[in-house]
Amino acid sequence: MSTSTSGVRKSLAKVEIALRWDPSPAGTPAHDLDIIAAVYGAADPYGEPVHLVHFGSRSPDGTITLNRDSHTGQGFGFDEVMTVELNRMATELARVVVGVVIQETGPRDARTKTFAAIGGTGVRIREGYTDLAVSDFAGVPAATAATVAEFTRDAAGVWSLDAGVRGFDADPEEFIRSMGAPRS
């Protein structure tokens with residue numbers, strides 16, 4: 001994932017994670033990629049998430065919202081957009097992991113789509129008009145889900161970003177349980 005920052009940054013405040021992909025070919029089931037954010041507490045930053053934000057939901061405190069949700073990838077530019085207001089999060093919250101999962105209809109054991117089967121993928125993380133990271137899922141072609149960002153708050157209260165696409169071969173429920181594990 002390419003990252004870019006300009007100048008010295010005291011702390012991230014309000015970031016946007018945007019996801020795009022091409023629609024599936026005519027006559028085939030639609031591609032549905034979903035952005036998921038898992039929020040972890042300072043007392044247990046690698047344990048169970050305090051809350052999850054995904055399609056049809058938002059964080060209880062209103063600091064994470066899904067502004068745009070597509071089920072097909074049809075549209076112009078970015079199809080799904082999530083806003084994370086790090087500067088408004090309670091001090092008890094110290095880590096946010098953002099991921100993308102491929103949703104499929106049909107039985108669980110029939111999962112077949114991976115990122116290799118979905119064209120035109122892209123993810124952009126930005127604050128204001130500054131791109132912090134831009135990437136795609138080409139590096140994880142066999143994955144059915146991936147984390148794309150990890151935001152952490154240090155002891156001084158400063159939020160930072162660790163951007164990188166890390167693939168998982170997991171159904172959505174399994175991915176949610178494993179996406180916040182420490183990186184190896």
# chains A, B, ... in the order shown; residues from 1 in each chain; ligands from 1

call {"tool": "residues_around", "arguments": {"residues": "Pro45 in chain A", "least_positions_apart": "6", "cutoff": "12 Å", "atoms": "only C-alpha atoms", "output": "ChimeraX atom specification"}}
result
/A:38-39,92-97,150-154,180-182

call {"tool": "residues_around", "arguments": {"residues": "Asp136 in chain A", "least_positions_apart": "2", "cutoff": "7 Å", "atoms": "only C-alpha atoms", "output": "ChimeraX atom specification"}}
result
/A:121-123,138

call {"tool": "write_last_selection", "arguments": {"atoms": "N, CA and C atoms", "output": "tab-separated table (two decimals), in the first residue's frame"}}
result
chain	number	residue	atom	x	y	z
A	121	THR	N	-10.45	-3.12	-8.20
A	121	THR	CA	-10.51	-2.84	-6.77
A	121	THR	C	-9.58	-1.68	-6.40
A	122	GLY	N	-9.95	-0.99	-5.37
A	122	GLY	CA	-9.11	0.08	-4.85
A	122	GLY	C	-9.58	0.50	-3.49
A	123	VAL	N	-8.64	0.96	-2.69
A	123	VAL	CA	-8.95	1.50	-1.37
A	123	VAL	C	-8.12	2.76	-1.19
A	138	ALA	N	-4.52	-6.49	-5.21
A	138	ALA	CA	-3.72	-7.34	-6.09
A	138	ALA	C	-2.72	-8.19	-5.31

call {"tool": "select_by_dssp", "arguments": {"residues": "range 22-143 of chain A", "states": "strand (DSSP E or B)", "output": "NGL selection string"}}
result
:A and (32-41 or 51-53 or 58 or 64-68 or 80-85 or 93-103 or 122-127 or 130-135)

call {"tool": "residues_around", "arguments": {"residues": "Ala13 in chain A", "least_positions_apart": "4", "cutoff": "9 Å", "atoms": "only C-alpha atoms", "output": "list in words"}}
result
Val84, Glu85, Leu86, Asn87, Arg88, Glu127 and Trp159 of chain A

call {"tool": "closest_residue", "arguments": {"among": "A:Asp169, A:Asp131, A:Asp61, A:Glu16", "to": "Phe115 in chain A", "atoms": "only C-alpha atoms"}}
result
A:Asp169

call {"tool": "select_by_dssp", "arguments": {"residues": "range 30-160 of chain A", "states": "helix (DSSP H, G or I)", "output": "VMD selection string"}}
result
chain A and resid 86 to 88 108 to 110 115 to 117

call {"tool": "atom_distance", "arguments": {"atom1": "CA of Arg126 in chain A", "atom2": "CA of Arg20 in chain A"}}
result
14.3 Å

call {"tool": "atom_distance", "arguments": {"atom1": "CA of Val101 in chain A", "atom2": "CA of Trp21 in chain A"}}
result
12.4 Å

call {"tool": "atom_distance", "arguments": {"atom1": "CA of Gly164 in chain A", "atom2": "CA of Pro25 in chain A"}}
result
28.4 Å

call {"tool": "decode", "arguments": {"residues": "range 88-101 of chain A", "atoms": "all heavy atoms", "output": "PDB file, in the first residue's frame"}}
result
ATOM      1  N   ARG A  88     -12.941  12.422  18.099  1.00  0.00           N
ATOM      2  CA  ARG A  88     -14.120  12.438  18.982  1.00  0.00           C
ATOM      3  C   ARG A  88     -14.277  11.162  19.797  1.00  0.00           C
ATOM      4  O   ARG A  88     -15.186  11.052  20.605  1.00  0.00           O
ATOM      5  CB  ARG A  88     -15.394  12.666  18.151  1.00  0.00           C
ATOM      6  CG  ARG A  88     -15.489  14.036  17.546  1.00  0.00           C
ATOM      7  CD  ARG A  88     -16.869  14.381  16.965  1.00  0.00           C
ATOM      8  NE  ARG A  88     -17.659  13.300  16.411  1.00  0.00           N
ATOM      9  CZ  ARG A  88     -18.779  12.812  16.991  1.00  0.00           C
ATOM     10  NH1 ARG A  88     -19.222  13.283  18.121  1.00  0.00           N
ATOM     11  NH2 ARG A  88     -19.451  11.835  16.408  1.00  0.00           N
ATOM     12  N   MET A  89     -13.408  10.194  19.577  1.00  0.00           N
ATOM     13  CA  MET A  89     -13.545   8.919  20.292  1.00  0.00           C
ATOM     14  C   MET A  89     -13.166   9.059  21.758  1.00  0.00           C
ATOM     15  O   MET A  89     -12.240   9.784  22.103  1.00  0.00           O
ATOM     16  CB  MET A  89     -12.683   7.844  19.641  1.00  0.00           C
ATOM     17  CG  MET A  89     -13.244   7.354  18.356  1.00  0.00           C
ATOM     18  SD  MET A  89     -12.391   5.872  17.822  1.00  0.00           S
ATOM     19  CE  MET A  89     -13.412   5.471  16.434  1.00  0.00           C
ATOM     20  N   ALA A  90     -13.885   8.330  22.596  1.00  0.00           N
ATOM     21  CA  ALA A  90     -13.618   8.326  24.040  1.00  0.00           C
ATOM     22  C   ALA A  90     -12.188   7.841  24.298  1.00  0.00           C
ATOM     23  O   ALA A  90     -11.664   7.012  23.551  1.00  0.00           O
ATOM     24  CB  ALA A  90     -14.617   7.415  24.747  1.00  0.00           C
ATOM     25  N   THR A  91     -11.586   8.346  25.349  1.00  0.00           N
ATOM     26  CA  THR A  91     -10.207   7.977  25.672  1.00  0.00           C
ATOM     27  C   THR A  91     -10.061   6.494  25.999  1.00  0.00           C
ATOM     28  O   THR A  91      -8.963   5.961  25.921  1.00  0.00           O
ATOM     29  CB  THR A  91      -9.672   8.818  26.846  1.00  0.00           C
ATOM     30  OG1 THR A  91     -10.551   8.644  27.968  1.00  0.00           O
ATOM     31  CG2 THR A  91      -9.590  10.285  26.480  1.00  0.00           C
ATOM     32  N   GLU A  92     -11.154   5.814  26.340  1.00  0.00           N
ATOM     33  CA  GLU A  92     -11.101   4.386  26.625  1.00  0.00           C
ATOM     34  C   GLU A  92     -10.922   3.555  25.362  1.00  0.00           C
ATOM     35  O   GLU A  92     -10.677   2.357  25.434  1.00  0.00           O
ATOM     36  CB  GLU A  92     -12.381   3.915  27.325  1.00  0.00           C
ATOM     37  CG  GLU A  92     -12.640   4.561  28.670  1.00  0.00           C
ATOM     38  CD  GLU A  92     -13.292   5.940  28.546  1.00  0.00           C
ATOM     39  OE1 GLU A  92     -14.079   6.171  27.606  1.00  0.00           O
ATOM     40  OE2 GLU A  92     -12.981   6.793  29.384  1.00  0.00           O
ATOM     41  N   LEU A  93     -11.061   4.174  24.193  1.00  0.00           N
ATOM     42  CA  LEU A  93     -10.913   3.479  22.921  1.00  0.00           C
ATOM     43  C   LEU A  93      -9.536   3.810  22.348  1.00  0.00           C
ATOM     44  O   LEU A  93      -9.177   4.970  22.228  1.00  0.00           O
ATOM     45  CB  LEU A  93     -12.015   3.890  21.955  1.00  0.00           C
ATOM     46  CG  LEU A  93     -13.439   3.687  22.484  1.00  0.00           C
ATOM     47  CD1 LEU A  93     -14.451   4.239  21.507  1.00  0.00           C
ATOM     48  CD2 LEU A  93     -13.689   2.226  22.788  1.00  0.00           C
ATOM     49  N   ALA A  94      -8.764   2.767  21.993  1.00  0.00           N
ATOM     50  CA  ALA A  94      -7.380   3.009  21.610  1.00  0.00           C
ATOM     51  C   ALA A  94      -6.970   2.399  20.277  1.00  0.00           C
ATOM     52  O   ALA A  94      -5.858   2.622  19.819  1.00  0.00           O
ATOM     53  CB  ALA A  94      -6.446   2.478  22.694  1.00  0.00           C
ATOM     54  N   ARG A  95      -7.868   1.661  19.649  1.00  0.00           N
ATOM     55  CA  ARG A  95      -7.471   0.982  18.410  1.00  0.00           C
ATOM     56  C   ARG A  95      -8.698   0.762  17.527  1.00  0.00           C
ATOM     57  O   ARG A  95      -9.754   0.366  18.012  1.00  0.00           O
ATOM     58  CB  ARG A  95      -6.839  -0.357  18.768  1.00  0.00           C
ATOM     59  CG  ARG A  95      -6.256  -1.133  17.632  1.00  0.00           C
ATOM     60  CD  ARG A  95      -5.407  -2.298  18.188  1.00  0.00           C
ATOM     61  NE  ARG A  95      -4.970  -3.147  17.117  1.00  0.00           N
ATOM     62  CZ  ARG A  95      -5.452  -4.356  16.857  1.00  0.00           C
ATOM     63  NH1 ARG A  95      -6.373  -4.879  17.639  1.00  0.00           N
ATOM     64  NH2 ARG A  95      -5.010  -5.055  15.847  1.00  0.00           N
ATOM     65  N   VAL A  96      -8.529   1.037  16.229  1.00  0.00           N
ATOM     66  CA  VAL A  96      -9.585   0.795  15.245  1.00  0.00           C
ATOM     67  C   VAL A  96      -8.949   0.047  14.079  1.00  0.00           C
ATOM     68  O   VAL A  96      -7.972   0.526  13.499  1.00  0.00           O
ATOM     69  CB  VAL A  96     -10.222   2.107  14.742  1.00  0.00           C
ATOM     70  CG1 VAL A  96     -11.299   1.819  13.696  1.00  0.00           C
ATOM     71  CG2 VAL A  96     -10.785   2.938  15.889  1.00  0.00           C
ATOM     72  N   VAL A  97      -9.490  -1.113  13.764  1.00  0.00           N
ATOM     73  CA  VAL A  97      -9.016  -1.889  12.617  1.00  0.00           C
ATOM     74  C   VAL A  97     -10.115  -1.868  11.564  1.00  0.00           C
ATOM     75  O   VAL A  97     -11.275  -2.155  11.859  1.00  0.00           O
ATOM     76  CB  VAL A  97      -8.679  -3.342  13.015  1.00  0.00           C
ATOM     77  CG1 VAL A  97      -8.231  -4.143  11.792  1.00  0.00           C
ATOM     78  CG2 VAL A  97      -7.609  -3.367  14.102  1.00  0.00           C
ATOM     79  N   VAL A  98      -9.731  -1.519  10.327  1.00  0.00           N
ATOM     80  CA  VAL A  98     -10.694  -1.437   9.236  1.00  0.00           C
ATOM     81  C   VAL A  98     -10.373  -2.536   8.234  1.00  0.00           C
ATOM     82  O   VAL A  98      -9.215  -2.725   7.846  1.00  0.00           O
ATOM     83  CB  VAL A  98     -10.653  -0.060   8.552  1.00  0.00           C
ATOM     84  CG1 VAL A  98     -11.645   0.003   7.393  1.00  0.00           C
ATOM     85  CG2 VAL A  98     -10.941   1.047   9.560  1.00  0.00           C
ATOM     86  N   GLY A  99     -11.418  -3.255   7.836  1.00  0.00           N
ATOM     87  CA  GLY A  99     -11.245  -4.340   6.883  1.00  0.00           C
ATOM     88  C   GLY A  99     -12.293  -4.315   5.795  1.00  0.00           C
ATOM     89  O   GLY A  99     -13.253  -3.540   5.847  1.00  0.00           O
ATOM     90  N   VAL A 100     -12.089  -5.188   4.815  1.00  0.00           N
ATOM     91  CA  VAL A 100     -13.011  -5.337   3.692  1.00  0.00           C
ATOM     92  C   VAL A 100     -13.286  -6.824   3.544  1.00  0.00           C
ATOM     93  O   VAL A 100     -12.359  -7.644   3.576  1.00  0.00           O
ATOM     94  CB  VAL A 100     -12.391  -4.779   2.393  1.00  0.00           C
ATOM     95  CG1 VAL A 100     -13.283  -5.065   1.193  1.00  0.00           C
ATOM     96  CG2 VAL A 100     -12.130  -3.290   2.532  1.00  0.00           C
ATOM     97  N   VAL A 101     -14.554  -7.172   3.383  1.00  0.00           N
ATOM     98  CA  VAL A 101     -14.942  -8.569   3.224  1.00  0.00           C
ATOM     99  C   VAL A 101     -15.793  -8.714   1.972  1.00  0.00           C
ATOM    100  O   VAL A 101     -16.582  -7.832   1.638  1.00  0.00           O
ATOM    101  CB  VAL A 101     -15.679  -9.088   4.484  1.00  0.00           C
ATOM    102  CG1 VAL A 101     -17.001  -8.381   4.687  1.00  0.00           C
ATOM    103  CG2 VAL A 101     -15.857 -10.582   4.450  1.00  0.00           C
TER     104      VAL A 101
END
